[in-house]
$ cat target_8.csv   # CSV, C-alpha atoms
chain,number,residue,atom,x,y,z
A,1,MET,CA,38.0,21.8,-49.1
A,2,ILE,CA,40.7,23.9,-47.5
A,3,ASN,CA,41.6,21.2,-45.0
A,4,ASP,CA,42.2,18.8,-47.9
A,5,GLU,CA,44.7,21.2,-49.4
A,6,VAL,CA,46.5,21.5,-46.1
A,7,ALA,CA,46.5,17.7,-45.7
A,8,GLY,CA,47.8,17.2,-49.2
A,9,LEU,CA,50.7,19.6,-48.6
A,10,LYS,CA,51.6,18.0,-45.3
A,11,ALA,CA,51.5,14.5,-46.9
A,12,SER,CA,53.7,15.8,-49.7
A,13,ALA,CA,56.1,17.3,-47.1
A,14,LYS,CA,56.4,13.9,-45.3
A,15,ASP,CA,57.3,12.2,-48.6
A,16,LEU,CA,59.9,14.8,-49.4
A,17,ARG,CA,61.3,14.5,-45.8
A,18,ARG,CA,61.7,10.8,-46.2
A,19,SER,CA,63.7,11.3,-49.4
A,20,GLY,CA,65.8,14.1,-47.9
A,21,ASP,CA,64.4,16.9,-50.0
A,22,TRP,CA,64.5,19.3,-47.1
A,23,ASP,CA,64.0,22.6,-48.9
A,24,LEU,CA,61.0,21.3,-50.9
A,25,ALA,CA,59.5,19.8,-47.7
A,26,ILE,CA,59.8,23.2,-45.9
A,27,ALA,CA,58.3,24.9,-48.9
A,28,ASP,CA,55.2,22.7,-48.8
A,29,LEU,CA,54.8,23.2,-45.0
A,30,GLU,CA,55.2,26.9,-45.4
A,31,ASP,CA,52.4,26.9,-48.0
A,32,ALA,CA,50.2,24.8,-45.6
A,33,LEU,CA,51.0,27.3,-42.8
A,34,ALA,CA,50.0,30.3,-45.0
A,35,ILE,CA,46.6,28.7,-45.7
A,36,LEU,CA,46.1,28.0,-42.0
A,37,MET,CA,47.2,31.5,-41.0
A,38,ASP,CA,44.5,33.0,-43.3
A,39,LEU,CA,42.0,31.1,-41.0
A,40,ALA,CA,43.5,32.3,-37.8
A,41,PRO,CA,43.3,35.6,-35.9
A,42,ASP,CA,46.4,37.6,-35.2
A,43,GLU,CA,46.9,36.1,-31.7
A,44,PRO,CA,47.4,32.4,-31.1
A,45,SER,CA,45.1,32.6,-28.0
A,46,ASP,CA,42.2,33.6,-30.3
A,47,ALA,CA,42.5,30.7,-32.8
A,48,THR,CA,39.9,28.0,-32.7
A,49,GLN,CA,41.1,24.7,-31.3
A,50,SER,CA,41.0,22.9,-34.6
A,51,VAL,CA,43.0,25.7,-36.4
A,52,ALA,CA,45.4,26.0,-33.5
A,53,ALA,CA,46.0,22.3,-33.5
A,54,GLU,CA,46.8,22.3,-37.3
A,55,ILE,CA,49.1,25.3,-36.9
A,56,ALA,CA,51.0,23.7,-34.0
A,57,ASP,CA,51.4,20.5,-35.9
A,58,THR,CA,52.7,22.2,-39.0
A,59,TYR,CA,55.2,24.2,-37.0
A,60,GLY,CA,56.2,21.0,-35.3
A,61,MET,CA,56.8,19.4,-38.7
A,62,ILE,CA,58.9,22.4,-39.8
A,63,GLY,CA,60.9,22.0,-36.7
A,64,GLY,CA,61.5,18.3,-37.3
A,65,VAL,CA,62.6,18.9,-41.0
A,66,GLU,CA,64.9,21.7,-40.0
A,67,ARG,CA,66.5,19.5,-37.3
A,68,ARG,CA,67.1,16.6,-39.7
A,69,TRP,CA,68.5,19.1,-42.2
A,70,ALA,CA,70.8,20.4,-39.5
A,71,LEU,CA,72.0,17.0,-38.4
A,72,GLY,CA,73.0,16.2,-42.0
A,73,SER,CA,74.9,19.5,-42.5
A,74,THR,CA,78.2,21.0,-41.5
A,75,GLU,CA,78.8,24.4,-40.0
A,76,PRO,CA,77.6,27.1,-40.5
A,77,GLU,CA,74.5,25.5,-42.0
A,78,ARG,CA,74.1,23.1,-39.1
A,79,SER,CA,73.7,26.0,-36.6
A,80,ARG,CA,71.4,27.9,-38.9
A,81,HIS,CA,69.0,25.0,-39.3
A,82,LEU,CA,69.1,24.1,-35.6
A,83,ARG,CA,68.1,27.6,-34.7
A,84,ALA,CA,65.4,27.5,-37.4
A,85,SER,CA,64.2,24.3,-35.8
A,86,LEU,CA,64.1,25.9,-32.3
A,87,ASP,CA,62.2,28.9,-33.7
A,88,ALA,CA,59.6,26.6,-35.3
A,89,TYR,CA,59.1,24.6,-32.2
A,90,GLU,CA,58.7,27.7,-30.1
A,91,LYS,CA,56.0,29.1,-32.4
A,92,GLY,CA,54.2,25.7,-32.4
A,93,PHE,CA,54.3,25.8,-28.6
A,94,ASP,CA,52.5,29.2,-28.6
A,95,TYR,CA,49.6,27.4,-30.2
A,96,GLU,CA,49.8,24.2,-28.1
A,97,GLU,CA,49.4,26.3,-25.0
A,98,GLN,CA,45.7,27.0,-26.0
A,99,PHE,CA,44.6,23.5,-25.1
A,100,GLY,CA,43.5,22.2,-21.7
A,101,ALA,CA,45.7,19.7,-20.0
A,102,GLU,CA,43.6,16.7,-20.9
A,103,TRP,CA,43.9,17.4,-24.7
A,104,ALA,CA,47.2,19.2,-24.7
A,105,THR,CA,49.7,18.0,-27.2
A,106,THR,CA,53.3,17.8,-26.1
A,107,TYR,CA,55.3,17.6,-29.3
A,108,ASN,CA,56.4,21.2,-29.5
A,109,ARG,CA,56.5,21.5,-25.7
A,110,ILE,CA,59.2,18.8,-25.5
A,111,ASN,CA,61.0,19.4,-28.8
A,112,ARG,CA,61.6,23.1,-28.2
A,113,ILE,CA,63.8,22.1,-25.2
A,114,VAL,CA,65.5,19.3,-27.2
A,115,ALA,CA,66.2,21.9,-29.9
A,116,GLN,CA,67.6,24.3,-27.3
A,117,ALA,CA,69.9,21.6,-26.0
A,118,LEU,CA,71.1,20.8,-29.5
A,119,VAL,CA,71.8,24.5,-30.1
A,120,ASP,CA,73.5,24.9,-26.7
A,121,PRO,CA,74.3,21.5,-25.0
A,122,ASP,CA,75.4,23.3,-21.8
A,123,SER,CA,71.8,24.5,-21.3
A,124,LEU,CA,71.1,21.1,-19.7
A,125,ASN,CA,73.9,21.5,-17.2
A,126,HIS,CA,73.0,24.9,-15.8
A,127,ALA,CA,70.2,25.6,-13.4
A,128,ASN,CA,67.4,27.1,-15.4
A,129,PRO,CA,64.2,27.6,-13.3
A,130,ALA,CA,62.1,28.4,-16.4
A,131,MET,CA,63.2,25.3,-18.3
A,132,THR,CA,62.7,23.1,-15.2
A,133,ALA,CA,59.3,24.5,-14.6
A,134,ALA,CA,58.3,24.0,-18.2
A,135,LEU,CA,59.4,20.4,-18.1
A,136,ARG,CA,57.7,19.7,-14.8
A,137,ALA,CA,54.5,21.2,-16.2
A,138,THR,CA,54.8,19.0,-19.3
A,139,GLU,CA,55.5,15.9,-17.1
A,140,GLU,CA,52.3,16.7,-15.1
A,141,ILE,CA,50.3,16.9,-18.3
A,142,VAL,CA,51.6,13.6,-19.7
A,143,ILE,CA,51.0,11.8,-16.3
A,144,GLY,CA,47.5,13.1,-16.2
A,145,GLN,CA,46.9,11.9,-19.8
A,146,LEU,CA,48.3,8.5,-18.9
A,147,ASP,CA,45.6,8.3,-16.2
A,148,ALA,CA,42.9,9.2,-18.8
A,149,SER,CA,43.0,9.7,-22.5
A,150,ARG,CA,46.4,8.2,-23.2
A,151,MET,CA,46.3,5.2,-20.9
A,152,LYS,CA,48.6,2.5,-22.2
A,153,ASP,CA,49.9,4.8,-25.0
A,154,SER,CA,53.5,3.9,-25.7
A,155,TRP,CA,54.0,7.3,-27.3
A,156,ALA,CA,53.0,9.0,-24.1
A,157,TYR,CA,55.6,6.9,-22.1
A,158,CYS,CA,58.2,7.9,-24.7
A,159,ASP,CA,57.3,11.5,-24.0
A,160,LEU,CA,57.7,10.8,-20.3
A,161,LEU,CA,61.1,9.3,-20.9
A,162,MET,CA,62.3,12.3,-22.8
A,163,ILE,CA,61.0,14.7,-20.2
A,164,ARG,CA,62.7,12.9,-17.4
A,165,LEU,CA,66.0,12.6,-19.2
A,166,LEU,CA,65.9,16.3,-19.9
A,167,LEU,CA,65.2,16.9,-16.2
A,168,GLY,CA,68.0,14.6,-15.1
A,169,ASP,CA,65.4,12.7,-13.1
A,170,SER,CA,66.7,9.5,-11.6
A,171,SER,CA,63.4,7.7,-12.7
A,172,ALA,CA,64.2,8.3,-16.4
A,173,ILE,CA,65.8,5.0,-17.2
A,174,SER,CA,63.2,3.0,-15.3
A,175,THR,CA,60.6,4.6,-17.6
A,176,ILE,CA,62.0,2.5,-20.4
A,177,ALA,CA,60.7,-0.7,-18.7
A,178,LEU,CA,57.2,0.8,-18.8
A,179,ILE,CA,57.5,1.3,-22.6
A,180,VAL,CA,58.8,-2.2,-23.1
A,181,ASN,CA,56.0,-3.7,-21.1
A,182,LEU,CA,53.5,-2.2,-23.6
A,183,ARG,CA,55.2,-4.1,-26.5
A,184,PRO,CA,55.1,-1.3,-29.0
A,185,PRO,CA,56.1,-1.9,-32.6
A,186,ALA,CA,59.7,-1.2,-33.6
A,187,PHE,CA,58.8,2.1,-35.3
A,188,VAL,CA,57.9,3.6,-31.9
A,189,TYR,CA,61.4,3.0,-30.7
A,190,ASP,CA,62.9,4.1,-34.0
A,191,SER,CA,61.0,7.4,-33.9
A,192,THR,CA,62.1,8.1,-30.3
A,193,LEU,CA,65.7,7.2,-31.1
A,194,GLN,CA,65.7,9.7,-34.0
A,195,THR,CA,65.2,12.4,-31.4
A,196,LEU,CA,67.3,10.9,-28.6
A,197,GLU,CA,70.4,9.8,-30.5
A,198,PRO,CA,71.6,13.3,-31.7
A,199,LEU,CA,70.9,14.7,-28.2
A,200,ALA,CA,72.8,11.9,-26.5
A,201,ALA,CA,75.7,12.5,-28.8
A,202,ALA,CA,75.7,16.2,-27.9
A,203,VAL,CA,75.6,15.7,-24.1
A,204,SER,CA,77.2,12.3,-23.7
A,205,ASN,CA,80.1,13.6,-21.6
A,206,GLN,CA,77.9,15.4,-19.1
A,207,ARG,CA,74.8,13.3,-19.1
A,208,PRO,CA,75.7,9.5,-19.6
A,209,GLU,CA,72.1,8.5,-18.9
A,210,PHE,CA,71.2,9.7,-22.4
A,211,VAL,CA,73.7,7.2,-23.8
A,212,GLU,CA,72.3,4.4,-21.6
A,213,ALA,CA,68.8,5.2,-22.7
A,214,VAL,CA,69.8,4.9,-26.4
A,215,HIS,CA,71.4,1.6,-25.7
A,216,LEU,CA,68.4,0.2,-24.0
A,217,LEU,CA,65.9,1.5,-26.6
A,218,ARG,CA,68.0,0.0,-29.4
A,219,ARG,CA,68.0,-3.4,-27.7
A,220,ALA,CA,64.2,-3.2,-27.2
A,221,MET,CA,63.8,-2.2,-30.8
A,222,ARG,CA,65.7,-5.2,-32.0
A,223,GLN,CA,63.6,-7.5,-29.8
A,224,ALA,CA,60.5,-5.9,-31.2
A,225,GLY,CA,61.6,-6.9,-34.6

$ encode --input "target_8.csv" --output "structure tokens"
Amino acid sequence: MINDEVAGLKASAKDLRRSGDWDLAIADLEDALAILMDLAPDEPSDATQSVAAEIADTYGMIGGVERRWALGSTEPERSRHLRASLDAYEKGFDYEEQFGAEWATTYNRINRIVAQALVDPDSLNHANPAMTAALRATEEIVIGQLDASRMKDSWAYCDLLMIRLLLGDSSAISTIALIVNLRPPAFVYDSTLQTLEPLAAAVSNQRPEFVEAVHLLRRAMRQAG
């Protein structure tokens, strides 16, 4: 079945990502994307929900690989891969937008703004109504899901933490207590830190709350074992 082929390519890409074979991981994901695009119409809004979800997830994986590739590189490769990461997240977001709020995924929604901040750290310090509106809309989606389909979901609270940090919301740090109260396994903290740590390093002088969040999450991860 076609879905089995896509699943196999994505599983292979995850293994290659873990071993740091970035170019081969991207090649597998691009092959998966080509298969999916053959099933999709020309416009994201016309794709079926299942195909749109797969495409969004694949673009998100490409964005993640490109970001890790960038963070292990020096200039000019670092900037090139960060921009490739941002481009992939933006394309994934085009497909994420097809879902209603209850079932909306937030990975590309959030990471496209993380990627923009890594490309241009000053973007978090200047008033940007479009970015703020996008983050507030994503916050509303996640809060709605926490009241319904993602109740007591530690990943959802990690999403909420990231959104509030990006917004500069004073409630961001207190969100960590909500995560800790759910007693998630250590890998939940580790995954969140992989996104948060490079961002904190990029904006530490302007946004010390990012550094504080990293410190608190590391401590919670150690306690989770």

$ residues_around --input "target_8.csv" --residues "stretch 167-173 of chain A" --least-positions-apart "4" --cutoff "9 Å" --atoms "only C-alpha atoms" --output "list in words"
Leu124, Met131, Thr132, Leu135, Arg136, Leu160, Leu161, Met162, Ile163, Ala177, Arg207, Glu209, Phe210, Glu212, Ala213 and Leu216 of chain A

$ atom_distance --input "target_8.csv" --atom1 "atom CA of A:Glu140" --atom2 "atom CA of A:Leu33"
29.7 Å

$ closest_atom_pairs --input "target_8.csv" --of "stretch 46-140 of chain A" --to "stretch 37-40 of chain A" --cutoff "12 Å" --atoms "only C-alpha atoms" --output "JSON lines"
{"residue": "A:Asp46", "atom": "CA", "partner": "A:Ala40", "partner_atom": "CA", "distance": 7.7}
{"residue": "A:Ala47", "atom": "CA", "partner": "A:Ala40", "partner_atom": "CA", "distance": 5.3}
{"residue": "A:Thr48", "atom": "CA", "partner": "A:Ala40", "partner_atom": "CA", "distance": 7.6}
{"residue": "A:Gln49", "atom": "CA", "partner": "A:Ala40", "partner_atom": "CA", "distance": 10.3}
{"residue": "A:Ser50", "atom": "CA", "partner": "A:Ala40", "partner_atom": "CA", "distance": 10.2}
{"residue": "A:Val51", "atom": "CA", "partner": "A:Ala40", "partner_atom": "CA", "distance": 6.8}
{"residue": "A:Ala52", "atom": "CA", "partner": "A:Ala40", "partner_atom": "CA", "distance": 7.9}
{"residue": "A:Ala53", "atom": "CA", "partner": "A:Ala40", "partner_atom": "CA", "distance": 11.2}
{"residue": "A:Glu54", "atom": "CA", "partner": "A:Met37", "partner_atom": "CA", "distance": 9.9}
{"residue": "A:Ile55", "atom": "CA", "partner": "A:Met37", "partner_atom": "CA", "distance": 7.7}
{"residue": "A:Ala56", "atom": "CA", "partner": "A:Met37", "partner_atom": "CA", "distance": 11.1}
{"residue": "A:Thr58", "atom": "CA", "partner": "A:Met37", "partner_atom": "CA", "distance": 11.0}
{"residue": "A:Tyr59", "atom": "CA", "partner": "A:Met37", "partner_atom": "CA", "distance": 11.5}
{"residue": "A:Tyr95", "atom": "CA", "partner": "A:Ala40", "partner_atom": "CA", "distance": 10.9}

$ closest_residue --input "target_8.csv" --among "A:Ala34, A:Arg222, A:Asn3, A:Glu66" --to "A:Gly20" --atoms "all atoms listed in the file"
A:Glu66

$ atom_distance --input "target_8.csv" --atom1 "atom CA of A:Ala84" --atom2 "atom CA of A:Met61"
11.9 Å
